[in-house]
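Just coords34.cif here, mmCIF, C-alpha atoms:
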```
data_data
loop_
_atom_site.label_atom_id
_atom_site.label_comp_id
_atom_site.auth_asym_id
_atom_site.auth_seq_id
_atom_site.Cartn_x
_atom_site.Cartn_y
_atom_site.Cartn_z
CA MET A 1 4.24 113.08 117.17
CA PHE A 2 7.44 113.71 115.25
CA SER A 3 7.72 112.71 111.61
CA LEU A 4 10.35 110.12 110.75
CA LEU A 5 12.59 112.87 109.40
CA GLY A 6 11.95 114.93 112.52
CA LYS A 7 13.03 112.04 114.76
CA TYR A 8 16.15 111.49 112.64
CA ARG A 9 17.15 115.15 112.80
CA LEU A 10 16.64 115.26 116.56
CA ILE A 11 18.92 112.27 117.02
CA LEU A 12 21.44 113.71 114.60
CA ARG A 13 21.64 117.09 116.30
CA SER A 14 21.22 116.73 120.05
CA HIS A 15 23.85 115.25 122.38
CA VAL A 16 21.15 114.92 125.03
CA TYR A 17 19.72 111.99 123.10
CA VAL A 18 22.82 109.91 123.74
CA THR A 19 21.66 109.45 127.32
CA SER A 20 17.94 109.93 126.80
CA TYR A 21 17.51 107.23 124.16
CA THR A 22 19.62 104.85 126.20
CA ALA A 23 17.46 105.58 129.22
CA LEU A 24 14.21 105.15 127.29
CA PHE A 25 15.41 101.82 125.93
CA LEU A 26 16.34 100.59 129.38
CA LEU A 27 13.09 101.89 130.83
CA ARG A 28 11.14 99.95 128.21
CA GLU A 29 13.11 96.78 128.95
CA MET A 30 12.74 97.23 132.69
CA SER A 31 8.98 97.86 132.39
CA THR A 32 8.50 94.33 131.05
CA MET A 33 9.63 92.92 134.40
CA THR A 34 6.94 91.83 136.84
CA SER A 35 6.18 93.75 140.00
CA ASP A 36 7.71 90.85 141.93
CA THR A 37 11.16 91.61 140.54
CA MET A 38 11.07 95.38 140.43
CA THR A 39 8.58 97.88 141.83
CA SER A 40 7.58 100.97 139.88
CA ASN A 41 9.10 103.27 142.50
CA ARG A 42 12.43 101.50 142.47
CA MET A 43 12.48 101.49 138.67
CA THR A 44 11.90 105.24 138.56
CA SER A 45 14.48 105.91 141.27
CA ASP A 46 17.11 103.75 139.59
CA MET A 47 16.45 105.38 136.22
CA ILE A 48 17.02 108.84 137.72
CA LYS A 49 20.29 107.61 139.24
CA PHE A 50 21.26 106.12 135.88
CA LEU A 51 20.54 109.38 134.02
CA THR A 52 22.43 111.40 136.60
CA MET A 53 25.50 109.17 136.43
CA VAL A 54 25.55 108.82 132.65
CA GLY A 55 24.90 112.55 132.28
CA LYS A 56 28.38 113.15 133.68
CA LEU A 57 29.76 111.92 130.37
CA LYS A 58 28.80 115.26 128.81
CA SER A 59 31.46 116.96 130.92
CA THR A 60 33.98 114.11 131.10
CA LYS A 61 36.79 114.91 128.66
CA ARG A 62 38.45 112.07 126.78
CA SER A 63 41.72 111.36 128.56
CA GLY A 64 43.86 110.72 125.49
CA TRP A 65 43.22 114.22 124.12
CA VAL A 66 43.73 115.82 127.54
CA MET A 67 47.06 114.03 128.04
CA ARG A 68 48.26 115.34 124.68
CA GLY A 69 47.37 118.92 125.45
CA VAL A 70 44.46 119.29 123.04
CA ASN A 71 42.64 122.57 123.59
CA ASP A 72 38.95 122.04 124.47
CA PRO A 73 38.91 118.25 123.77
CA GLU A 74 35.73 116.36 123.05
CA SER A 75 33.79 114.74 125.87
CA VAL A 76 33.02 111.04 126.17
CA SER A 77 29.43 111.94 125.26
CA ASP A 78 30.66 113.64 122.06
CA HIS A 79 32.47 110.42 121.16
CA MET A 80 29.38 108.30 121.86
CA TYR A 81 27.23 110.65 119.81
CA SER A 82 29.57 110.36 116.83
CA CYS A 83 29.45 106.57 117.03
CA ILE A 84 25.65 106.56 117.18
CA LYS A 85 25.38 108.74 114.07
CA LEU A 86 27.79 106.49 112.17
CA CYS A 87 25.82 103.41 113.27
CA LEU A 88 22.64 104.99 111.91
CA ILE A 89 24.18 105.82 108.55
CA HIS A 90 26.58 103.05 107.61
CA ASP A 91 24.13 100.52 106.09
CA MET A 92 21.49 102.91 104.74
CA ALA A 93 22.56 102.43 101.11
CA GLU A 94 21.41 98.82 101.29
CA CYS A 95 17.78 99.92 101.03
CA ILE A 96 18.61 100.65 97.37
CA VAL A 97 21.54 98.40 96.41
CA GLY A 98 20.70 95.47 98.68
CA ASP A 99 23.11 93.65 100.99
CA ILE A 100 26.07 92.95 98.71
CA THR A 101 28.18 90.00 99.89
CA PRO A 102 31.53 88.56 98.71
CA TYR A 103 29.54 85.82 96.96
CA ASP A 104 27.94 88.36 94.60
CA ASN A 105 31.18 88.75 92.60
CA VAL A 106 31.05 92.54 92.93
CA SER A 107 34.42 94.22 93.33
CA LYS A 108 35.10 96.42 96.36
CA GLU A 109 35.37 99.44 94.07
CA GLU A 110 32.04 98.70 92.38
CA LYS A 111 30.33 98.09 95.72
CA GLN A 112 31.59 101.45 96.99
CA ARG A 113 30.44 103.17 93.79
CA ARG A 114 26.93 101.72 94.03
CA GLU A 115 26.59 102.54 97.70
CA LYS A 116 27.83 106.09 97.26
CA LYS A 117 25.36 106.64 94.44
CA ALA A 118 22.58 105.23 96.63
CA MET A 119 23.52 107.54 99.49
CA GLN A 120 23.50 110.50 97.15
CA GLU A 121 20.02 109.51 96.02
CA LEU A 122 18.81 109.20 99.61
CA SER A 123 20.46 112.46 100.62
CA SER A 124 18.77 114.30 97.78
CA LEU A 125 15.47 113.67 99.57
CA LEU A 126 16.61 115.51 102.70
CA PRO A 127 16.98 119.21 103.51
CA ASP A 128 20.40 120.57 102.55
CA GLU A 129 21.88 120.61 106.05
CA ALA A 130 20.82 117.06 106.87
CA ALA A 131 21.87 115.83 103.40
CA THR A 132 25.36 117.27 103.85
CA GLU A 133 25.77 115.65 107.25
CA VAL A 134 24.54 112.28 106.01
CA MET A 135 27.07 112.28 103.16
CA GLU A 136 29.88 113.42 105.44
CA LEU A 137 29.10 110.60 107.86
CA PHE A 138 28.96 108.08 105.02
CA GLU A 139 32.33 109.25 103.68
CA GLU A 140 33.82 109.16 107.18
CA TYR A 141 32.73 105.56 107.66
CA GLU A 142 33.80 104.44 104.20
CA SER A 143 37.25 106.02 104.49
CA GLN A 144 37.70 104.72 108.06
CA SER A 145 39.41 108.03 108.73
CA THR A 146 38.43 108.45 112.39
CA GLU A 147 38.63 106.45 115.59
CA GLU A 148 34.83 106.43 115.76
CA ALA A 149 34.48 105.04 112.24
CA ARG A 150 36.94 102.26 112.97
CA TYR A 151 35.18 101.43 116.24
CA VAL A 152 31.79 101.19 114.53
CA LYS A 153 33.33 98.98 111.84
CA ASP A 154 34.66 96.62 114.50
CA LEU A 155 31.28 96.61 116.24
CA ASP A 156 29.62 95.78 112.94
CA ARG A 157 31.94 92.82 112.47
CA PHE A 158 31.39 91.58 116.00
CA GLU A 159 27.62 91.95 115.78
CA MET A 160 27.65 89.76 112.67
CA ILE A 161 29.41 86.85 114.39
CA LEU A 162 27.23 87.33 117.47
CA GLN A 163 24.19 86.95 115.20
CA ALA A 164 25.80 83.93 113.55
CA HIS A 165 26.27 82.38 116.98
CA HIS A 166 22.60 83.00 117.74
CA TYR A 167 21.55 81.21 114.55
CA GLU A 168 23.96 78.34 115.20
CA GLU A 169 22.54 77.72 118.65
CA GLY A 170 18.93 78.24 117.63
CA GLU A 171 18.91 76.31 114.37
CA GLY A 172 21.79 73.86 114.66
CA LEU A 173 23.71 75.42 111.78
CA CYS A 174 27.45 75.75 111.24
CA LEU A 175 28.27 79.27 110.02
CA GLN A 176 32.06 79.14 110.18
CA GLU A 177 32.51 81.28 107.06
CA PHE A 178 31.16 84.31 108.91
CA TYR A 179 33.76 83.94 111.64
CA ASP A 180 36.46 83.42 109.03
CA SER A 181 35.45 86.61 107.24
CA VAL A 182 36.31 88.79 110.27
CA ASP A 183 39.31 86.81 111.52
CA GLY A 184 42.17 89.22 112.20
CA LYS A 185 40.19 92.25 111.02
CA ILE A 186 38.89 93.50 114.38
CA LYS A 187 41.42 95.94 115.84
CA ASN A 188 39.81 97.39 118.99
CA GLN A 189 41.10 95.47 122.01
CA GLU A 190 37.80 95.46 123.88
CA ILE A 191 35.94 94.10 120.87
CA ILE A 192 38.73 91.58 120.20
CA SER A 193 38.21 90.32 123.75
CA LEU A 194 34.47 89.95 123.16
CA ALA A 195 35.02 88.16 119.85
CA THR A 196 37.61 85.84 121.37
CA THR A 197 35.26 84.90 124.19
CA LEU A 198 32.45 84.26 121.72
CA VAL A 199 34.63 82.05 119.50
CA GLU A 200 35.87 80.08 122.50
CA SER A 201 32.31 79.49 123.65
CA ARG A 202 31.56 77.80 120.31
CA ARG A 203 34.23 75.21 120.96
CA LYS A 204 32.77 74.04 124.24
#
```

Show me the file's structure as structure tokens.
Amino acid sequence: MFSLLGKYRLILRSHVYVTSYTALFLLREMSTMTSDTMTSNRMTSDMIKFLTMVGKLKSTKRSGWVMRGVNDPESVSDHMYSCIKLCLIHDMAECIVGDITPYDNVSKEEKQRREKKAMQELSSLLPDEAATEVMELFEEYESQSTEEARYVKDLDRFEMILQAHHYEEGEGLCLQEFYDSVDGKIKNQEIISLATTLVESRRK
């Protein structure tokens, strides 16, 4: 068995895990189905097809870079891998500073200072190479300097209102302030579409 650090470093370093972890997750979900809905043979066959199809992303170049004449552009898998790493890193500081909200009367600058200090503390516990990458990912997300960082930020905002919707339906609450907090801040068109559909469903 891998140690926790070993698992983290494997995820951080290997593009293969973009498809493999997705496949393992789906396999686990599919295995909970009864034999009446899906046989073991079909599940295995479909998973192989899934891995084969998704594996093509490793050689599928991102069209925007190709169209602009970029030499040796990243693949779609590279892009997915970057997003996964940012997702893993972006809230890690909260294990030290807690989940700071607007109601805590902490300025944006102070929140950033505390979280950066927390990330430095966490990174100091890792080997040099992993520590450097963790801090670089944290800085990338905080500065919102890349397309991947902005995409993960939008996903984070959407996931929050999706969770709010879950609590509203399950517990009869009204959590409008969470929707208000992301209003107009999501920029990615696909995620805007998801958020819009979610908000409209609340009104029905």

Taking the file as I've supplied it (selection: the PyMOL selection byres ((chain A and resi 134) around 10)), which residues are included? Please answer as JSON, numbers by chain.
{"A": [12, 85, 86, 88, 89, 90, 92, 119, 120, 122, 123, 126, 128, 129, 130, 131, 132, 133, 135, 136, 137, 138, 139, 140]}

Name the residues that the PyMOL selection byres ((chain A and resi 161) around 12) pulls out of this structure, and write them as a PyMOL selection string.
chain A and resi 154-160+162-168+174-183+186+191-192+194-199+202

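The spacing separating atom CA of A:Lys153 from atom CA of A:Ser107 amounts to 19.1 Å.
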
Taking every listed atom of stretch 84-100 of chain A and adding 3 Å to each side, what centre and edge lengths in Å (one decimal) does the axis-aligned box have, as AutoDock Vina command-line options?
```
--center_x 22.8 --center_y 100.8 --center_z 106.8 --size_x 16.0 --size_y 21.8 --size_z 26.8
```

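For the atom pair formed by atom CA of A:Lys116 and atom CA of A:Tyr151, the distance is 20.9 Å, given to one decimal.
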
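Closest to A:Glu121 among A:Ser45, A:Ala93, A:Asn188, A:Ser143 is A:Ala93, based on only C-alpha atoms.
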
Carefully work through the PyMOL selection byres ((chain A and resi 76) around 7) for this structure and note down the residues it includes, as a ChimeraX atom specification.
/A:57-58,60-62,74-75,77-80

Can I get the selected residues back with C-alpha atoms, as a tab-separated table (two decimals), keeping the file's coordinate frame?
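Output (selection_15.tsv):
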```tsv
chain	number	residue	atom	x	y	z
A	57	LEU	CA	29.76	111.92	130.37
A	58	LYS	CA	28.80	115.26	128.81
A	60	THR	CA	33.98	114.11	131.10
A	61	LYS	CA	36.79	114.91	128.66
A	62	ARG	CA	38.45	112.07	126.78
A	74	GLU	CA	35.73	116.36	123.05
A	75	SER	CA	33.79	114.74	125.87
A	77	SER	CA	29.43	111.94	125.26
A	78	ASP	CA	30.66	113.64	122.06
A	79	HIS	CA	32.47	110.42	121.16
A	80	MET	CA	29.38	108.30	121.86
```

So, counting only C-alpha atoms, which residue among A:Glu171, A:Glu94, A:Asp99, A:Glu147 is closest to A:Lys187?
A:Glu147

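Among the candidates A:Thr52, A:Trp65, A:Pro73, A:Ser82, the one nearest to A:Glu148 when counting all atoms listed in the file is A:Ser82.
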
Between atom CA of A:Ser145 and atom CA of A:Cys87, what is the distance, to one decimal in Å?
15.1 Å
